[in-house]
Amino acid sequence: MSTNIKDATIPSIPIKARFSRWFGRNLLRIYMIFGFTYLFIPVAYTFAFSFNDSGKSNLIWKGFTLNNWKNPCGAPEVCSALGNSIKIGLLATTFATILGTMIAFAIGRYQFRGRSSSNLLIFLPMATPEIVLGASLLSLFLVFKINPGFWPTVIAHVMFCISFVVVTVKARIASLDPRLEQAAMDLYANELETFRRVTLPLVAPGIAGAALLAFSLSFDDFIITNFNSGTLITFPKFVYVAAARGIPAQANVIGSSMFFLALVIVIAGQLVNRKKAR
Amino acid sequence: MNFTLPKVRVPYLLLFPGFAFLFTFFILPIVNLAQTSTQTPVSGGDTGQYEQSFAFSNYVNAFLDNRDQFARSFIFATFSTIFALAIAYPLAYAIAFKSGKFKNILLVMVVAPFFTSFLLRTIAWKQILGEEGFVVPTLRSLHLMGQQTTITSTSVAVVAGMTYNFLPFMTLPLYASLERIDPRTIEASGDLYANALTTFRRVTVPLSMPGVVAGTLLTFIPAAGDYVNASILGSPNSKMIGNVIESRYFKIVDYPTAAALSFTLMAAILILVTLYIRKAGTEELV
């Protein structure tokens, strides 16, 4: 009983209740930490093993070295594969962004006959599994005796990226305040000027986001690429093939660099947006 | 520049190049795939030579031979979609409502793992959880895991891999729809004496349904057709329909069966998706 008197002198809730209240309040925060840890474990692993002094097969930790970062093209074919992926990614992004933005403006800005079936045509490629897209396109190329390779891969990537560009840019167009364009017209800007000086700058962040999405989808694509690239090696294909006999640490260097590069681009984009907003 | 075009034509002119492209490289291939799916081998011809004979039995045979893989694809995809939803919803909720000024940074962090090639990340999981990683030996020495039990090369690993890989596809649409919720609707619910749980169940969840539908579709569809996770993290006993289609194409050069399987997969997904959208009742999807 004496302990009870001692406890009563502390003017607060018992530890257990205090903890459970704290836990309840921070539950989401704790959950968030776990969520992000889960997301980043393999990224951290990939980064750590890019410093592994591993030789050919990068399976077991053998010691720290900077050699892989000093010589990222050290392993055969890594850099040519990366080069192919970047070339394909840039071309596919350019075409898909142009075509997709035009479609997004048509659907987002105009009422016309066939608008809902246009929406359906945009939705269908996203609702088709990649393996079906890849296999069907390869069959078509084979019928026309076109050998799989660089350009068929670019075409395939443009095809599956268009829908994602349309959806992204359309969302941006839908969020625009129509009064801004009306104001421009009221100030005697003609349609072309209004588009160039008001609409386009306002939609531009959406287009940039769509282009970034298209590039990352194209750069990381394996399934469709595997069907349409023939003997051409892209970076994901290189990793997949190398996985059987051990991936060289240089692949980890490239994967990690892409991660940091993308992070810098996205954060820089955010900063530019914030500056503009001021 | 001359702008005398009648206004009606503008949307069609904008649509034309993109739709011509999609027609040639999406619709036409699908039609062509339909044709391939009913072909049979040329008698006495080389491997890979086929002729049209409207053999709809291809579909029956392809389906009956690969029932297990079909079932597995849909079961695996369903489980990874449910797990991804369970993981992503609180995450998206926390980012949308509880992250304050860190919102944009956290959002970038959801997408960031994307940029390390998904194959590298999947292989990283395989190595972390594999025989030579540190997790399995540790668990074994603590007797939390049997000496013969493994984590990789199991169906569980395949489902876990897909859950991981498609998580951003689930989180982003969820975040987008949660973020759009007017905080006043939640306040109003509190004013009407609903407790936090009731508010969440009756206000937040219904308002976030478009995100749930978009996220589950963006996860389920690629998961059902996936074969990369199954071939890296699985065993021969966890092969999915994607693995069968891939090997029919490249190893056996059996185009008609591959085409019939692809079509069956696509049809099954489209039927499920239509039923699901009807049930979930969202009008604007894309």
# chains A, B, ... in the order shown; residues from 1 in each chain; ligands from 1
$ interface_residues --of "chain A" --to "chain B" --cutoff "8 Å" --atoms "only C-alpha atoms" --output "PyMOL selection string"
chain A and resi 28-29+31-32+35-36+39-40+42-43+45-46+59-60+99-100+102-103+105-107+110+112+119+123+125+127-133+135-137+139-140+155-156+159+162+167+216+220+223+236+239-240+243+252+255-256+258-259+262-263+266-267
$ residues_around --residues "Ser50 (chain A)" --least-positions-apart "3" --cutoff "8 Å" --atoms "only C-alpha atoms" --output "list in words"
Thr46, Phe47, Asn68, Trp69, Ala249, Gln250, Ala251, Asn252, Val253 and Ser256 of chain A
$ closest_residue --among "B:Gln35, B:Ser43, B:Thr154, B:Ser189" --to "Lys239 (chain B)" --atoms "only C-alpha atoms"
B:Thr154
$ residues_around --residues "Ser57 (chain B)" --least-positions-apart "5" --cutoff "12 Å" --atoms "only C-alpha atoms" --output "PyMOL selection string"
chain B and resi 37-40+62-65+256-257+260
$ atom_distance --atom1 "CA of Thr150 (chain B)" --atom2 "CA of Asn229 (chain B)"
16.5 Å
$ atom_distance --atom1 "CA of Val135 (chain B)" --atom2 "CA of Ser54 (chain A)"
20.3 Å
$ select_by_dssp --residues "region 147-207 of chain B" --states "helix (DSSP H, G or I)" --output "ChimeraX atom specification"
/B:155-179,183-191,196-207
$ write_last_selection --atoms "N, CA and C atoms" --output "short mmCIF file (atom, residue, chain, number, x, y, z; two decimals), in the first residue's frame"
data_model
loop_
_atom_site.label_atom_id
_atom_site.label_comp_id
_atom_site.auth_asym_id
_atom_site.auth_seq_id
_atom_site.Cartn_x
_atom_site.Cartn_y
_atom_site.Cartn_z
N SER B 155 6.10 -19.70 -53.18
CA SER B 155 5.01 -18.85 -53.65
C SER B 155 4.93 -17.58 -52.82
N VAL B 156 5.23 -17.71 -51.52
CA VAL B 156 5.20 -16.55 -50.64
C VAL B 156 6.16 -15.48 -51.15
N ALA B 157 7.34 -15.90 -51.57
CA ALA B 157 8.33 -14.94 -52.06
C ALA B 157 7.84 -14.24 -53.32
N VAL B 158 7.16 -14.99 -54.20
CA VAL B 158 6.65 -14.39 -55.44
C VAL B 158 5.61 -13.33 -55.11
N VAL B 159 4.67 -13.66 -54.21
CA VAL B 159 3.63 -12.70 -53.83
C VAL B 159 4.27 -11.49 -53.16
N ALA B 160 5.25 -11.73 -52.28
CA ALA B 160 5.91 -10.62 -51.60
C ALA B 160 6.64 -9.73 -52.60
N GLY B 161 7.30 -10.35 -53.57
CA GLY B 161 8.01 -9.58 -54.59
C GLY B 161 7.07 -8.70 -55.40
N MET B 162 5.92 -9.26 -55.78
CA MET B 162 4.96 -8.47 -56.55
C MET B 162 4.38 -7.35 -55.71
N THR B 163 4.06 -7.67 -54.45
CA THR B 163 3.54 -6.63 -53.55
C THR B 163 4.52 -5.47 -53.49
N TYR B 164 5.79 -5.80 -53.33
CA TYR B 164 6.80 -4.75 -53.23
C TYR B 164 6.89 -3.94 -54.52
N ASN B 165 6.98 -4.65 -55.65
CA ASN B 165 7.22 -3.96 -56.91
C ASN B 165 6.08 -3.07 -57.35
N PHE B 166 4.84 -3.43 -56.99
CA PHE B 166 3.71 -2.63 -57.46
C PHE B 166 3.21 -1.65 -56.41
N LEU B 167 3.90 -1.57 -55.27
CA LEU B 167 3.46 -0.69 -54.18
C LEU B 167 3.31 0.78 -54.59
N PRO B 168 4.27 1.36 -55.33
CA PRO B 168 4.09 2.76 -55.72
C PRO B 168 2.86 2.97 -56.61
N PHE B 169 2.53 1.98 -57.46
CA PHE B 169 1.34 2.08 -58.31
C PHE B 169 0.08 2.15 -57.46
N MET B 170 0.13 1.55 -56.27
CA MET B 170 -1.01 1.57 -55.37
C MET B 170 -1.01 2.86 -54.57
N THR B 171 0.16 3.27 -54.10
CA THR B 171 0.23 4.41 -53.18
C THR B 171 -0.15 5.73 -53.87
N LEU B 172 0.34 5.94 -55.10
CA LEU B 172 0.14 7.24 -55.73
C LEU B 172 -1.33 7.58 -55.99
N PRO B 173 -2.11 6.69 -56.63
CA PRO B 173 -3.53 7.03 -56.81
C PRO B 173 -4.28 7.19 -55.49
N LEU B 174 -3.91 6.37 -54.49
CA LEU B 174 -4.55 6.50 -53.17
C LEU B 174 -4.26 7.88 -52.60
N TYR B 175 -2.99 8.28 -52.68
CA TYR B 175 -2.62 9.59 -52.17
C TYR B 175 -3.39 10.68 -52.90
N ALA B 176 -3.45 10.56 -54.24
CA ALA B 176 -4.11 11.59 -55.04
C ALA B 176 -5.56 11.78 -54.61
N SER B 177 -6.27 10.66 -54.34
CA SER B 177 -7.68 10.81 -54.00
C SER B 177 -7.86 11.23 -52.54
N LEU B 178 -6.95 10.79 -51.65
CA LEU B 178 -7.06 11.21 -50.24
C LEU B 178 -6.76 12.70 -50.10
N GLU B 179 -5.77 13.15 -50.89
CA GLU B 179 -5.33 14.52 -50.78
C GLU B 179 -6.42 15.49 -51.24
N PRO B 183 -11.06 18.92 -46.21
CA PRO B 183 -11.00 18.66 -44.75
C PRO B 183 -12.29 19.05 -44.04
N ARG B 184 -13.07 19.94 -44.67
CA ARG B 184 -14.32 20.36 -44.03
C ARG B 184 -15.32 19.21 -43.92
N THR B 185 -15.25 18.24 -44.89
CA THR B 185 -16.18 17.10 -44.79
C THR B 185 -15.86 16.28 -43.54
N ILE B 186 -14.55 16.19 -43.22
CA ILE B 186 -14.16 15.42 -42.04
C ILE B 186 -14.55 16.17 -40.76
N GLU B 187 -14.36 17.50 -40.76
CA GLU B 187 -14.80 18.31 -39.62
C GLU B 187 -16.29 18.18 -39.42
N ALA B 188 -17.03 18.26 -40.53
CA ALA B 188 -18.49 18.18 -40.45
C ALA B 188 -18.91 16.88 -39.79
N SER B 189 -18.24 15.79 -40.16
CA SER B 189 -18.57 14.50 -39.58
C SER B 189 -18.34 14.51 -38.07
N GLY B 190 -17.25 15.17 -37.64
CA GLY B 190 -16.97 15.28 -36.21
C GLY B 190 -18.04 16.13 -35.52
N ASP B 191 -18.45 17.20 -36.19
CA ASP B 191 -19.49 18.06 -35.62
C ASP B 191 -20.79 17.30 -35.43
N ALA B 196 -13.76 9.16 -34.40
CA ALA B 196 -12.73 9.10 -35.44
C ALA B 196 -12.91 7.89 -36.35
N LEU B 197 -13.25 6.75 -35.74
CA LEU B 197 -13.38 5.53 -36.53
C LEU B 197 -14.56 5.62 -37.50
N THR B 198 -15.70 6.12 -36.98
CA THR B 198 -16.88 6.25 -37.84
C THR B 198 -16.60 7.23 -38.98
N THR B 199 -15.94 8.34 -38.64
CA THR B 199 -15.60 9.32 -39.67
C THR B 199 -14.76 8.67 -40.76
N PHE B 200 -13.76 7.89 -40.32
CA PHE B 200 -12.88 7.25 -41.29
C PHE B 200 -13.68 6.29 -42.18
N ARG B 201 -14.55 5.50 -41.53
CA ARG B 201 -15.28 4.46 -42.24
C ARG B 201 -16.36 5.05 -43.15
N ARG B 202 -17.05 6.08 -42.69
CA ARG B 202 -18.21 6.58 -43.43
C ARG B 202 -17.89 7.79 -44.30
N VAL B 203 -16.77 8.48 -44.05
CA VAL B 203 -16.46 9.67 -44.86
C VAL B 203 -15.18 9.47 -45.68
N THR B 204 -14.06 9.19 -44.96
CA THR B 204 -12.77 9.13 -45.66
C THR B 204 -12.73 8.00 -46.69
N VAL B 205 -13.09 6.79 -46.26
CA VAL B 205 -13.00 5.65 -47.17
C VAL B 205 -13.88 5.83 -48.41
N PRO B 206 -15.16 6.17 -48.26
CA PRO B 206 -15.97 6.34 -49.47
C PRO B 206 -15.40 7.41 -50.41
N LEU B 207 -14.88 8.51 -49.83
CA LEU B 207 -14.36 9.57 -50.69
C LEU B 207 -13.06 9.17 -51.37
#
